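*Asks:* File target.cif below, mmCIF, C-alpha atoms and all ligand atoms:
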```cif
data_upload
loop_
_atom_site.label_atom_id
_atom_site.label_comp_id
_atom_site.auth_asym_id
_atom_site.auth_seq_id
_atom_site.Cartn_x
_atom_site.Cartn_y
_atom_site.Cartn_z
CA MET A 1 11.70 14.61 11.44
CA SER A 2 15.24 13.37 11.21
CA ALA A 3 14.21 9.83 10.37
CA ALA A 4 11.89 10.97 7.59
CA SER A 5 14.51 11.33 4.91
CA ALA A 6 17.32 9.29 6.44
CA ASP A 7 16.36 6.16 4.52
CA ARG A 8 15.83 7.79 1.14
CA THR A 9 18.07 6.90 -1.78
CA ASP A 10 18.39 7.69 -5.44
CA ARG A 11 21.31 5.30 -5.97
CA ASP A 12 21.69 4.33 -9.60
CA VAL A 13 20.38 0.78 -9.93
CA GLY A 14 21.70 0.69 -13.52
CA GLN A 15 25.21 1.14 -12.15
CA THR A 16 24.60 -1.56 -9.54
CA PHE A 17 23.53 -3.84 -12.40
CA ARG A 18 26.73 -3.06 -14.37
CA ASP A 19 28.90 -3.63 -11.28
CA ALA A 20 27.25 -6.99 -10.58
CA LEU A 21 26.88 -8.35 -14.11
CA GLY A 22 29.51 -6.59 -16.18
CA ARG A 23 27.07 -5.39 -18.84
CA ASP A 24 24.33 -2.81 -19.31
CA PRO A 25 20.73 -3.54 -18.37
CA ASP A 26 18.19 -3.50 -21.20
CA GLY A 27 16.07 -1.07 -19.19
CA VAL A 28 15.47 0.50 -15.79
CA PHE A 29 11.96 0.64 -14.30
CA SER A 30 10.50 1.98 -11.09
CA ALA A 31 7.29 1.67 -9.12
CA PRO A 32 6.18 3.54 -5.99
CA GLY A 33 4.94 2.55 -2.57
CA ARG A 34 1.52 3.82 -1.53
CA VAL A 35 -0.60 4.95 1.37
CA ASN A 36 -4.37 4.62 1.56
CA LEU A 37 -5.98 8.00 2.30
CA ILE A 38 -9.30 6.45 3.30
CA GLY A 39 -11.32 3.27 2.82
CA GLU A 40 -10.02 0.87 5.45
CA HIS A 41 -11.36 -2.69 5.52
CA THR A 42 -13.61 -1.75 2.62
CA ASP A 43 -11.53 -3.72 0.09
CA HIS A 44 -12.52 -7.17 1.32
CA ASN A 45 -16.13 -5.99 1.32
CA GLU A 46 -15.85 -5.19 -2.40
CA GLY A 47 -16.09 -1.48 -1.66
CA HIS A 48 -13.92 1.52 -2.52
CA VAL A 49 -10.44 2.59 -1.46
CA LEU A 50 -8.56 5.82 -2.16
CA PRO A 51 -4.79 5.22 -2.12
CA PHE A 52 -2.10 7.47 -3.54
CA ALA A 53 1.39 6.53 -4.68
CA ILE A 54 4.21 8.08 -2.67
CA ASP A 55 7.60 9.55 -3.47
CA ARG A 56 9.46 6.41 -2.49
CA ARG A 57 10.15 3.89 -5.21
CA CYS A 58 11.46 0.44 -5.93
CA ARG A 59 13.80 0.43 -8.95
CA VAL A 60 14.57 -2.58 -11.09
CA ALA A 61 17.32 -2.82 -13.71
CA ALA A 62 16.60 -5.76 -15.99
CA ALA A 63 18.11 -7.58 -18.95
CA ALA A 64 16.94 -10.60 -20.89
CA ARG A 65 18.89 -13.88 -20.86
CA ALA A 66 18.66 -16.67 -23.39
CA ASP A 67 19.47 -19.72 -21.24
CA GLY A 68 16.32 -20.29 -19.16
CA THR A 69 18.00 -18.87 -16.04
CA VAL A 70 16.57 -16.12 -13.85
CA THR A 71 18.72 -14.24 -11.35
CA VAL A 72 17.60 -11.61 -8.88
CA ARG A 73 19.50 -9.59 -6.31
CA SER A 74 18.53 -6.63 -4.14
CA THR A 75 20.52 -3.91 -2.45
CA GLN A 76 18.06 -4.35 0.44
CA GLU A 77 19.13 -8.01 0.75
CA PRO A 78 22.86 -7.60 0.08
CA ASP A 79 23.95 -11.15 0.93
CA ASP A 80 21.42 -13.00 -1.17
CA LEU A 81 21.87 -13.64 -4.90
CA VAL A 82 19.01 -15.88 -6.02
CA THR A 83 19.52 -17.97 -9.16
CA THR A 84 16.76 -20.17 -10.53
CA THR A 85 15.22 -21.35 -13.78
CA LEU A 86 12.00 -20.46 -15.57
CA ASP A 87 10.55 -23.85 -14.58
CA ALA A 88 11.24 -23.34 -10.88
CA LEU A 89 9.90 -19.79 -10.43
CA ALA A 90 6.90 -20.98 -8.44
CA GLN A 91 9.20 -22.56 -5.84
CA ALA A 92 10.73 -19.18 -4.92
CA ARG A 93 10.80 -18.43 -1.19
CA GLY A 94 11.71 -15.45 0.99
CA TRP A 95 12.04 -11.95 -0.42
CA SER A 96 12.74 -13.19 -3.96
CA ALA A 97 9.25 -14.77 -4.10
CA TYR A 98 7.75 -11.28 -4.64
CA ALA A 99 9.93 -10.72 -7.74
CA LEU A 100 10.12 -14.25 -9.13
CA GLY A 101 6.45 -14.92 -8.33
CA THR A 102 5.54 -11.92 -10.47
CA VAL A 103 7.57 -13.26 -13.41
CA TRP A 104 5.84 -16.63 -12.87
CA ALA A 105 2.37 -15.04 -12.84
CA LEU A 106 3.06 -13.11 -16.04
CA ARG A 107 4.29 -16.27 -17.76
CA GLU A 108 0.98 -17.86 -16.76
CA GLU A 109 -0.59 -14.98 -18.76
CA GLY A 110 1.49 -16.03 -21.75
CA LEU A 111 4.39 -13.61 -21.40
CA PRO A 112 7.39 -14.85 -23.40
CA GLY A 113 11.05 -14.61 -22.41
CA ALA A 114 13.93 -17.07 -22.06
CA GLY A 115 15.41 -15.77 -18.81
CA TRP A 116 16.18 -12.61 -16.86
CA ASP A 117 18.76 -10.81 -14.78
CA LEU A 118 17.02 -8.52 -12.30
CA VAL A 119 18.71 -6.06 -9.93
CA VAL A 120 16.53 -4.35 -7.30
CA ASP A 121 17.10 -1.25 -5.21
CA GLY A 122 14.75 1.22 -3.60
CA ASP A 123 13.66 3.36 -0.71
CA VAL A 124 10.18 2.13 0.12
CA PRO A 125 10.81 1.02 3.71
CA LEU A 126 10.19 -2.72 4.10
CA GLY A 127 7.25 -3.74 6.28
CA ALA A 128 6.37 -0.17 7.30
CA GLY A 129 2.88 -0.14 5.80
CA LEU A 130 3.93 1.70 2.63
CA SER A 131 3.75 -1.42 0.45
CA SER A 132 7.31 -2.16 -0.52
CA SER A 133 6.00 -5.55 -1.65
CA ALA A 134 3.69 -4.11 -4.33
CA ALA A 135 6.39 -1.64 -5.37
CA LEU A 136 8.76 -4.55 -6.01
CA GLU A 137 6.13 -6.63 -7.82
CA SER A 138 4.98 -3.70 -9.95
CA ALA A 139 8.50 -2.66 -10.97
CA VAL A 140 9.32 -6.25 -11.95
CA ALA A 141 6.02 -6.66 -13.79
CA LEU A 142 6.52 -3.50 -15.82
CA ALA A 143 10.14 -4.44 -16.55
CA VAL A 144 9.47 -7.88 -17.98
CA ALA A 145 6.30 -6.75 -19.78
CA GLU A 146 8.03 -3.82 -21.52
CA LEU A 147 11.20 -5.72 -22.34
CA THR A 148 9.24 -8.49 -24.05
CA GLY A 149 7.27 -5.88 -25.99
CA SER A 150 4.05 -7.28 -24.56
CA ASP A 151 0.87 -5.25 -24.57
CA LEU A 152 -0.45 -6.50 -21.23
CA ASP A 153 -2.36 -3.63 -19.64
CA ARG A 154 -1.76 -2.32 -16.14
CA HIS A 155 -4.75 -4.15 -14.69
CA THR A 156 -3.16 -7.41 -15.82
CA LEU A 157 0.21 -6.40 -14.39
CA ALA A 158 -1.49 -5.53 -11.08
CA ARG A 159 -3.25 -8.89 -11.00
CA ALA A 160 0.08 -10.64 -11.65
CA GLY A 161 1.66 -8.90 -8.65
CA ARG A 162 -1.28 -9.83 -6.49
CA ARG A 163 -1.11 -13.41 -7.70
CA ALA A 164 2.60 -13.56 -6.82
CA GLU A 165 1.78 -12.40 -3.32
CA ASN A 166 -1.28 -14.66 -2.91
CA ASP A 167 0.00 -17.85 -4.54
CA ILE A 168 3.80 -17.76 -4.23
CA VAL A 169 4.46 -15.64 -1.12
CA GLY A 170 1.25 -16.88 0.53
CA ALA A 171 -0.15 -13.55 1.73
CA PRO A 172 -3.93 -13.05 1.31
CA VAL A 173 -3.73 -9.45 0.06
CA GLY A 174 -6.20 -7.62 -2.17
CA ILE A 175 -5.37 -5.70 -5.33
CA MET A 176 -5.24 -2.15 -3.93
CA ASP A 177 -1.47 -1.92 -3.47
CA GLN A 178 -0.53 -3.14 -6.94
CA ALA A 179 -3.25 -1.04 -8.59
CA ALA A 180 -2.03 2.08 -6.77
CA SER A 181 1.59 1.41 -7.63
CA LEU A 182 0.86 0.81 -11.31
CA MET A 183 -1.92 3.30 -12.00
CA CYS A 184 -1.54 6.38 -9.80
CA ARG A 185 -0.71 9.81 -11.21
CA GLU A 186 1.41 12.45 -9.55
CA GLY A 187 -0.56 14.66 -7.16
CA ALA A 188 -3.66 12.47 -7.31
CA ALA A 189 -5.28 9.62 -5.44
CA LEU A 190 -6.86 6.62 -7.14
CA LEU A 191 -10.52 5.90 -6.41
CA LEU A 192 -10.58 2.16 -6.90
CA ASP A 193 -13.72 0.05 -6.95
CA CYS A 194 -12.52 -3.23 -5.47
CA ARG A 195 -15.42 -5.14 -7.05
CA THR A 196 -15.08 -4.00 -10.65
CA LEU A 197 -11.50 -2.65 -10.52
CA GLU A 198 -12.77 0.53 -12.16
CA ALA A 199 -10.36 3.31 -11.28
CA GLU A 200 -10.61 7.11 -11.35
CA HIS A 201 -7.96 9.71 -10.62
CA VAL A 202 -8.84 12.33 -8.01
CA ALA A 203 -6.52 15.34 -7.66
CA LEU A 204 -5.41 15.87 -4.08
CA GLY A 205 -4.32 19.53 -4.22
CA LEU A 206 -2.31 19.14 -1.01
CA GLU A 207 0.67 21.26 -1.97
CA GLU A 208 -1.45 24.14 -3.30
CA HIS A 209 -3.22 24.23 0.05
CA GLY A 210 -0.04 24.10 2.14
CA LEU A 211 -0.81 20.60 3.38
CA VAL A 212 1.38 17.54 3.81
CA THR A 213 0.80 13.96 4.86
CA LEU A 214 2.90 12.16 7.44
CA VAL A 215 3.03 8.43 8.01
CA VAL A 216 3.95 7.42 11.53
CA ASP A 217 5.17 3.85 11.86
CA THR A 218 4.52 2.94 15.51
CA ARG A 219 6.73 -0.13 15.15
CA VAL A 220 4.13 -1.91 17.26
CA ARG A 221 2.69 -5.12 15.88
CA HIS A 222 0.47 -7.39 17.90
CA ASP A 223 0.69 -11.17 17.83
CA LEU A 224 -3.02 -11.22 17.19
CA ALA A 225 -2.76 -9.25 13.99
CA ASP A 226 -3.27 -12.21 11.64
CA GLY A 227 -6.01 -13.86 13.69
CA GLY A 228 -7.70 -10.51 14.27
CA TYR A 229 -7.70 -9.75 10.56
CA ALA A 230 -9.23 -13.14 9.69
CA ASP A 231 -11.82 -12.65 12.42
CA ARG A 232 -12.86 -9.22 11.06
CA ARG A 233 -13.15 -10.59 7.55
CA ALA A 234 -15.32 -13.45 8.79
CA ALA A 235 -17.56 -11.02 10.71
CA CYS A 236 -18.09 -8.98 7.54
CA VAL A 237 -19.06 -12.10 5.60
CA ALA A 238 -21.46 -13.09 8.37
CA ALA A 239 -23.01 -9.61 8.45
CA ALA A 240 -23.47 -9.62 4.67
CA GLU A 241 -25.16 -13.02 4.90
CA ALA A 242 -27.47 -11.83 7.67
CA LEU A 243 -28.44 -8.85 5.51
CA GLY A 244 -28.89 -10.95 2.38
CA VAL A 245 -26.31 -9.05 0.30
CA ASP A 246 -23.34 -10.47 -1.61
CA ALA A 247 -20.90 -8.12 0.13
CA LEU A 248 -21.20 -5.28 2.64
CA ARG A 249 -20.62 -2.70 -0.07
CA GLU A 250 -24.30 -3.20 -0.88
CA ALA A 251 -25.47 -2.58 2.67
CA THR A 252 -27.17 0.76 3.38
CA PRO A 253 -27.32 2.63 6.70
CA ALA A 254 -31.02 1.75 7.03
CA MET A 255 -30.25 -1.98 6.82
CA LEU A 256 -28.06 -1.77 9.93
CA ASP A 257 -31.21 -1.79 12.10
CA ARG A 258 -31.49 -5.48 11.30
CA LEU A 259 -28.20 -6.29 13.07
CA ASP A 260 -27.06 -6.04 16.65
CA GLY A 261 -24.04 -6.68 18.85
CA THR A 262 -20.67 -7.35 17.25
CA LEU A 263 -22.00 -7.83 13.74
CA LEU A 264 -23.74 -4.46 13.91
CA ARG A 265 -20.54 -2.71 14.91
CA ARG A 266 -18.40 -4.45 12.27
CA ALA A 267 -20.93 -3.72 9.52
CA ARG A 268 -21.43 -0.14 10.70
CA HIS A 269 -17.73 0.50 10.25
CA VAL A 270 -17.83 -0.72 6.67
CA VAL A 271 -21.02 1.14 5.76
CA THR A 272 -19.89 4.44 7.30
CA GLU A 273 -16.38 4.04 5.87
CA GLN A 274 -17.80 3.62 2.37
CA ALA A 275 -19.72 6.88 2.89
CA ARG A 276 -16.55 8.59 4.10
CA VAL A 277 -14.63 7.54 0.99
CA HIS A 278 -17.26 9.17 -1.19
CA ARG A 279 -17.37 12.33 0.96
CA VAL A 280 -13.59 12.63 0.75
CA VAL A 281 -13.75 12.31 -3.03
CA GLU A 282 -16.40 15.07 -3.15
CA LEU A 283 -14.30 17.34 -0.92
CA LEU A 284 -11.22 16.79 -3.07
CA ARG A 285 -13.14 17.45 -6.26
CA ALA A 286 -14.48 20.65 -4.71
CA GLY A 287 -10.91 21.79 -3.98
CA ARG A 288 -11.36 21.56 -0.19
CA PRO A 289 -8.65 19.09 0.90
CA ALA A 290 -8.27 20.54 4.41
CA GLU A 291 -11.83 19.38 5.14
CA VAL A 292 -10.75 15.81 4.52
CA GLY A 293 -9.10 15.90 7.96
CA PRO A 294 -12.25 15.28 10.06
CA GLU A 295 -13.21 12.36 7.79
CA LEU A 296 -9.85 10.73 8.56
CA THR A 297 -10.38 11.22 12.26
CA ALA A 298 -13.91 9.82 12.02
CA SER A 299 -12.47 6.81 10.19
CA HIS A 300 -10.09 6.25 13.07
CA ALA A 301 -12.87 6.44 15.66
CA SER A 302 -14.87 3.91 13.67
CA LEU A 303 -11.88 1.56 13.31
CA ARG A 304 -11.21 1.92 17.05
CA ASP A 305 -14.75 1.66 18.43
CA ASP A 306 -16.76 -0.34 15.87
CA PHE A 307 -14.16 -2.42 14.06
CA GLU A 308 -11.93 -2.67 17.16
CA VAL A 309 -8.61 -2.91 15.35
CA SER A 310 -6.72 -0.06 17.00
CA VAL A 311 -4.15 -0.32 19.78
CA PRO A 312 -3.03 2.25 22.39
CA ALA A 313 0.10 3.25 20.44
CA LEU A 314 -2.02 4.18 17.40
CA ASP A 315 -4.65 5.98 19.48
CA ALA A 316 -1.86 7.97 21.12
CA VAL A 317 -0.43 9.06 17.75
CA VAL A 318 -3.84 10.18 16.50
CA GLU A 319 -4.69 12.03 19.72
CA THR A 320 -1.29 13.74 19.98
CA ALA A 321 -1.25 14.73 16.32
CA LEU A 322 -4.69 16.37 16.64
CA GLU A 323 -3.60 18.19 19.81
CA HIS A 324 -0.63 19.63 17.91
CA GLY A 325 -2.45 20.93 14.88
CA ALA A 326 -3.05 17.97 12.57
CA LEU A 327 -6.27 18.37 10.56
CA GLY A 328 -7.03 14.67 10.77
CA SER A 329 -5.44 11.34 11.50
CA ARG A 330 -6.23 7.66 11.38
CA LEU A 331 -4.64 4.25 11.61
CA VAL A 332 -3.87 2.76 8.19
CA GLY A 333 -3.66 -0.89 7.18
CA GLY A 334 -5.25 -3.88 8.83
CA GLY A 335 -4.74 -2.58 12.36
CA PHE A 336 -3.43 -4.14 15.59
CA GLY A 337 -0.34 -1.97 15.20
CA GLY A 338 1.43 -0.59 12.16
CA SER A 339 1.16 2.98 10.96
CA ALA A 340 -0.99 6.08 11.25
CA LEU A 341 -1.59 8.65 8.51
CA LEU A 342 -1.75 12.36 9.39
CA LEU A 343 -2.99 15.27 7.31
CA THR A 344 -1.41 18.47 8.53
CA PRO A 345 -0.51 22.01 7.54
CA ALA A 346 3.10 21.84 6.31
CA ALA A 347 4.06 24.38 8.96
CA ALA A 348 2.96 22.05 11.79
CA ALA A 349 4.63 18.87 10.53
CA GLU A 350 7.89 19.19 12.44
CA ASP A 351 6.14 19.94 15.73
CA ILE A 352 3.77 17.04 15.32
CA ALA A 353 6.59 14.63 14.53
CA GLU A 354 8.35 15.68 17.73
CA ALA A 355 5.17 15.50 19.79
CA VAL A 356 4.20 11.97 18.73
CA THR A 357 7.76 10.81 19.38
CA ARG A 358 7.74 12.37 22.88
CA ARG A 359 4.35 10.85 23.62
CA ALA A 360 5.55 7.36 22.62
CA ALA A 361 8.46 7.71 25.05
CA VAL A 362 6.13 8.82 27.86
CA ASP A 363 3.74 5.92 27.18
CA GLY A 364 6.59 3.40 26.98
CA HIS A 365 5.91 2.53 23.33
CA PRO A 366 8.70 1.94 20.80
CA GLU A 367 10.16 5.07 19.20
CA PRO A 368 8.04 5.71 16.10
CA VAL A 369 9.47 6.51 12.66
CA VAL A 370 7.84 9.56 11.07
CA ARG A 371 7.99 9.99 7.31
CA GLU A 372 6.61 12.82 5.21
CA VAL A 373 5.17 11.39 2.00
CA HIS A 374 4.07 13.20 -1.16
CA PRO A 375 1.68 11.97 -3.85
CA ALA A 376 3.77 10.66 -6.75
CA GLY A 377 3.32 9.06 -10.16
CA GLY A 378 2.87 5.34 -10.77
CA ALA A 379 5.21 2.75 -12.25
CA ARG A 380 7.27 3.93 -15.20
CA ARG A 381 10.23 3.20 -17.40
CA GLU A 382 13.20 5.29 -16.27
CA ARG A 383 15.43 4.45 -19.24
P1 LIG B 1 5.10 -3.83 3.03
O1 LIG B 1 4.60 -4.21 1.69
O2 LIG B 1 4.09 -3.11 3.85
O3 LIG B 1 6.40 -3.07 2.99
P2 LIG B 1 5.23 -6.67 3.29
O4 LIG B 1 5.46 -7.58 4.45
O5 LIG B 1 4.00 -6.84 2.50
O6 LIG B 1 5.38 -5.18 3.83
O7 LIG B 1 6.43 -6.83 2.25
C1 LIG B 1 7.76 -6.63 2.69
C2 LIG B 1 8.64 -7.71 2.10
O8 LIG B 1 8.76 -7.53 0.68
C3 LIG B 1 10.05 -7.64 2.62
O9 LIG B 1 10.17 -8.32 3.85
C4 LIG B 1 10.81 -8.34 1.49
O10 LIG B 1 10.68 -9.74 1.60
C5 LIG B 1 10.06 -7.89 0.25
N1 LIG B 1 10.68 -6.70 -0.37
C6 LIG B 1 10.08 -5.51 -0.60
N2 LIG B 1 10.92 -4.63 -1.20
C7 LIG B 1 12.08 -5.28 -1.35
C8 LIG B 1 13.37 -4.92 -1.89
N3 LIG B 1 13.61 -3.70 -2.37
N4 LIG B 1 14.34 -5.86 -1.88
C9 LIG B 1 14.11 -7.11 -1.39
N5 LIG B 1 12.94 -7.49 -0.86
C10 LIG B 1 11.93 -6.61 -0.83
MG MG B 2 2.93 -5.47 1.36
#
```
Just dump the structure as structure tokens.

*Replies:*
Amino acid sequence: MSAASADRTDRDVGQTFRDALGRDPDGVFSAPGRVNLIGEHTDHNEGHVLPFAIDRRCRVAAAARADGTVTVRSTQEPDDLVTTTLDALAQARGWSAYALGTVWALREEGLPGAGWDLVVDGDVPLGAGLSSSAALESAVALAVAELTGSDLDRHTLARAGRRAENDIVGAPVGIMDQAASLMCREGAALLLDCRTLEAEHVALGLEEHGLVTLVVDTRVRHDLADGGYADRRAACVAAAEALGVDALREATPAMLDRLDGTLLRRARHVVTEQARVHRVVELLRAGRPAEVGPELTASHASLRDDFEVSVPALDAVVETALEHGALGSRLVGGGFGGSALLLTPAAAAEDIAEAVTRRAAVDGHPEPVVREVHPAGGARRER
């Protein structure tokens, strides 16, 4: 798994701040990326998801300014220093929109402050399905909230990150990623009710049971991803309407008899996926994490056959991983490409990483990037 750790860094973002600005930051903050263990396409049906934060973080060194100016730079965007004013935050574009949009959203909540210098660095890979965007938003949100001494709670910070992404970046994402990044605890997943935003911590117990999770980025992304996603959302709305419920989270298995064709299959994915989330939570609470594997694989089959969002490169990863000793595997994210999550005995991880890479070469798919990820704590002040 050579690629797994190649892009890790613990560079000191405080030092980067001092080098760039010639003074100390007021504080250093970090927030993790995340992966969703199970509960795919349940979020937009107001159901449950079960993400955990991972041991890759975005770090932000921040200091207040008094002149109405906001600057942001990132080691991941080395040639781009963005300078703006508090009044122009909502006009931010490109990568800086995630950071500046978050400051904008918090100001809409009444957060004070007369300007900021923000320096960003991190090792959540960008665009690899591990939510570098929420990591950046959450680290910025915590930074400006703490440095203004505000008492905004983490739900509000999560909503600000989501608002930045929805309103300033223009991406129609839900709240899962920001909630996971801000609220997760080390070693545990977060059972999040996407309707009420109620959240519960569920210990994973992976390490104690000799298990690890791998995320395989297929580096395949289909042109139809955006259209396909919108289409699936619309089908879920239509199925809920046909069943007379506000959202598919309220649909029961018995109700599915009233649907047929495409709507039946789309709704069946959501209804069975909701049930799988709750089974996984029960298994984890019972201290039986290895038994989560088959639920992941069942989720994949449902996403492939009923929700129809898989692609051959993802199916090949799942199949090959299972052949080489993975306990379970599924595509993660919206589908049509992207990444797969694998639950495996630690001893089999290396073999599986090699096998999925070989298989991609045989099938003529891009070379995947395999990363081992461990459940980590949520956003925090580093100093
Ligand atoms: P994901 O969240 O799955 O990694 P997204 O497309 O949602 O993928 O967000 C990735 C984008 O977020 C990047 O293209 C970049 O614009 C921005 N971003 C995330 N982290 C950083 C960072 N450390 N520095 C600069 N931009 C970042
Ligand atoms: Mg994202």

*Asks:* List all protein, DNA and RNA residues that have an atom no more than 12 Å from any atom of ligand MG 2 (chain B), counting all atoms listed in the file, and report them as JSON, numbers by chain.

*Replies:* {"A": [33, 34, 35, 95, 98, 124, 125, 126, 127, 128, 129, 130, 131, 132, 133, 134, 135, 136, 137, 138, 161, 162, 164, 165, 166, 169, 170, 171, 172, 173, 174, 175, 176, 177, 178, 181, 333, 334, 338]}

*Asks:* Keeping C-alpha atoms for every residue in the selection just given, could you write it to a file as an mmCIF file, in the coordinates of the input?

*Replies:*
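Listed below is the output, selection.cif:
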```cif
data_model
loop_
_atom_site.group_PDB
_atom_site.id
_atom_site.type_symbol
_atom_site.label_atom_id
_atom_site.label_comp_id
_atom_site.auth_asym_id
_atom_site.auth_seq_id
_atom_site.Cartn_x
_atom_site.Cartn_y
_atom_site.Cartn_z
ATOM 1 C CA GLY A 33 4.940 2.550 -2.570
ATOM 2 C CA ARG A 34 1.520 3.820 -1.530
ATOM 3 C CA VAL A 35 -0.600 4.950 1.370
ATOM 4 C CA TRP A 95 12.040 -11.950 -0.420
ATOM 5 C CA TYR A 98 7.750 -11.280 -4.640
ATOM 6 C CA VAL A 124 10.180 2.130 0.120
ATOM 7 C CA PRO A 125 10.810 1.020 3.710
ATOM 8 C CA LEU A 126 10.190 -2.720 4.100
ATOM 9 C CA GLY A 127 7.250 -3.740 6.280
ATOM 10 C CA ALA A 128 6.370 -0.170 7.300
ATOM 11 C CA GLY A 129 2.880 -0.140 5.800
ATOM 12 C CA LEU A 130 3.930 1.700 2.630
ATOM 13 C CA SER A 131 3.750 -1.420 0.450
ATOM 14 C CA SER A 132 7.310 -2.160 -0.520
ATOM 15 C CA SER A 133 6.000 -5.550 -1.650
ATOM 16 C CA ALA A 134 3.690 -4.110 -4.330
ATOM 17 C CA ALA A 135 6.390 -1.640 -5.370
ATOM 18 C CA LEU A 136 8.760 -4.550 -6.010
ATOM 19 C CA GLU A 137 6.130 -6.630 -7.820
ATOM 20 C CA SER A 138 4.980 -3.700 -9.950
ATOM 21 C CA GLY A 161 1.660 -8.900 -8.650
ATOM 22 C CA ARG A 162 -1.280 -9.830 -6.490
ATOM 23 C CA ALA A 164 2.600 -13.560 -6.820
ATOM 24 C CA GLU A 165 1.780 -12.400 -3.320
ATOM 25 C CA ASN A 166 -1.280 -14.660 -2.910
ATOM 26 C CA VAL A 169 4.460 -15.640 -1.120
ATOM 27 C CA GLY A 170 1.250 -16.880 0.530
ATOM 28 C CA ALA A 171 -0.150 -13.550 1.730
ATOM 29 C CA PRO A 172 -3.930 -13.050 1.310
ATOM 30 C CA VAL A 173 -3.730 -9.450 0.060
ATOM 31 C CA GLY A 174 -6.200 -7.620 -2.170
ATOM 32 C CA ILE A 175 -5.370 -5.700 -5.330
ATOM 33 C CA MET A 176 -5.240 -2.150 -3.930
ATOM 34 C CA ASP A 177 -1.470 -1.920 -3.470
ATOM 35 C CA GLN A 178 -0.530 -3.140 -6.940
ATOM 36 C CA SER A 181 1.590 1.410 -7.630
ATOM 37 C CA GLY A 333 -3.660 -0.890 7.180
ATOM 38 C CA GLY A 334 -5.250 -3.880 8.830
ATOM 39 C CA GLY A 338 1.430 -0.590 12.160
#
```

*Asks:* Counting all atoms listed in the file, select every polymer residue within 8 Å of (-16.1, -1.1, 10.3) as defined in the file's coordinates, and provide the selection as a list in words.

*Replies:*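 Looking at atoms near the point gives His41, Arg265, Arg266, Ala267, Arg268, His269, Val270, Val271, Thr272, Glu273, Ser302, Leu303, Asp306 and Phe307 of chain A.
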
*Asks:* Let me have the centre and edge lengths in Å, one decimal, of the box along x, y and z around every listed atom of segment 288-306 of chain A with 5 Å of margin on each side, as JSON.

*Replies:*
```
{"center_x": -12.5, "center_y": 10.6, "center_z": 9.1, "size_x": 18.5, "size_y": 31.9, "size_z": 28.6}
```

*Asks:* Rank nothing, just name the residue among A:Val309, A:Ala6, A:Ala139, A:Leu89 nearest to ligand LIG 1 (chain B), using only C-alpha atoms and all ligand atoms.

*Replies:*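 Of all the options, A:Ala139 lies closest to ligand LIG 1 (chain B).
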
*Asks:* Pick the closest to ligand LIG 1 (chain B) from A:Val212, A:Pro25, A:Glu198, A:Arg219: which is it, counting only C-alpha atoms and all ligand atoms?

*Replies:*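 Among A:Val212, A:Pro25, A:Glu198, A:Arg219, it is A:Arg219 that comes nearest to ligand LIG 1 (chain B).
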
*Asks:* Distance atom CA of Asp55 of chain A-atom CA of Ala180 of chain A, one decimal place?

*Replies:*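 Between these atoms lies a distance of 12.6 Å.
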
*Asks:* Just the residues within 10 Å of segment 103-115 of chain A, please, counting all atoms listed in the file, with nothing from its chain fewer than 4 positions along; format it as an mmCIF file with C-alpha atoms, in the coordinates of the input.

*Replies:*
```
data_model
loop_
_atom_site.group_PDB
_atom_site.id
_atom_site.type_symbol
_atom_site.label_atom_id
_atom_site.label_comp_id
_atom_site.auth_asym_id
_atom_site.auth_seq_id
_atom_site.Cartn_x
_atom_site.Cartn_y
_atom_site.Cartn_z
ATOM 1 C CA ALA A 63 18.110 -7.580 -18.950
ATOM 2 C CA ALA A 64 16.940 -10.600 -20.890
ATOM 3 C CA ARG A 65 18.890 -13.880 -20.860
ATOM 4 C CA ALA A 66 18.660 -16.670 -23.390
ATOM 5 C CA ASP A 67 19.470 -19.720 -21.240
ATOM 6 C CA GLY A 68 16.320 -20.290 -19.160
ATOM 7 C CA THR A 69 18.000 -18.870 -16.040
ATOM 8 C CA VAL A 70 16.570 -16.120 -13.850
ATOM 9 C CA THR A 71 18.720 -14.240 -11.350
ATOM 10 C CA THR A 84 16.760 -20.170 -10.530
ATOM 11 C CA THR A 85 15.220 -21.350 -13.780
ATOM 12 C CA LEU A 86 12.000 -20.460 -15.570
ATOM 13 C CA ASP A 87 10.550 -23.850 -14.580
ATOM 14 C CA ALA A 88 11.240 -23.340 -10.880
ATOM 15 C CA LEU A 89 9.900 -19.790 -10.430
ATOM 16 C CA ALA A 90 6.900 -20.980 -8.440
ATOM 17 C CA GLN A 91 9.200 -22.560 -5.840
ATOM 18 C CA ALA A 92 10.730 -19.180 -4.920
ATOM 19 C CA ALA A 97 9.250 -14.770 -4.100
ATOM 20 C CA TYR A 98 7.750 -11.280 -4.640
ATOM 21 C CA ALA A 99 9.930 -10.720 -7.740
ATOM 22 C CA GLU A 137 6.130 -6.630 -7.820
ATOM 23 C CA VAL A 140 9.320 -6.250 -11.950
ATOM 24 C CA ALA A 141 6.020 -6.660 -13.790
ATOM 25 C CA ALA A 143 10.140 -4.440 -16.550
ATOM 26 C CA VAL A 144 9.470 -7.880 -17.980
ATOM 27 C CA ALA A 145 6.300 -6.750 -19.780
ATOM 28 C CA LEU A 147 11.200 -5.720 -22.340
ATOM 29 C CA THR A 148 9.240 -8.490 -24.050
ATOM 30 C CA GLY A 149 7.270 -5.880 -25.990
ATOM 31 C CA SER A 150 4.050 -7.280 -24.560
ATOM 32 C CA ASP A 151 0.870 -5.250 -24.570
ATOM 33 C CA LEU A 152 -0.450 -6.500 -21.230
ATOM 34 C CA THR A 156 -3.160 -7.410 -15.820
ATOM 35 C CA LEU A 157 0.210 -6.400 -14.390
ATOM 36 C CA ARG A 159 -3.250 -8.890 -11.000
ATOM 37 C CA ALA A 160 0.080 -10.640 -11.650
ATOM 38 C CA GLY A 161 1.660 -8.900 -8.650
ATOM 39 C CA ARG A 162 -1.280 -9.830 -6.490
ATOM 40 C CA ARG A 163 -1.110 -13.410 -7.700
ATOM 41 C CA ALA A 164 2.600 -13.560 -6.820
ATOM 42 C CA GLU A 165 1.780 -12.400 -3.320
ATOM 43 C CA ASP A 167 0.000 -17.850 -4.540
ATOM 44 C CA ILE A 168 3.800 -17.760 -4.230
#
```
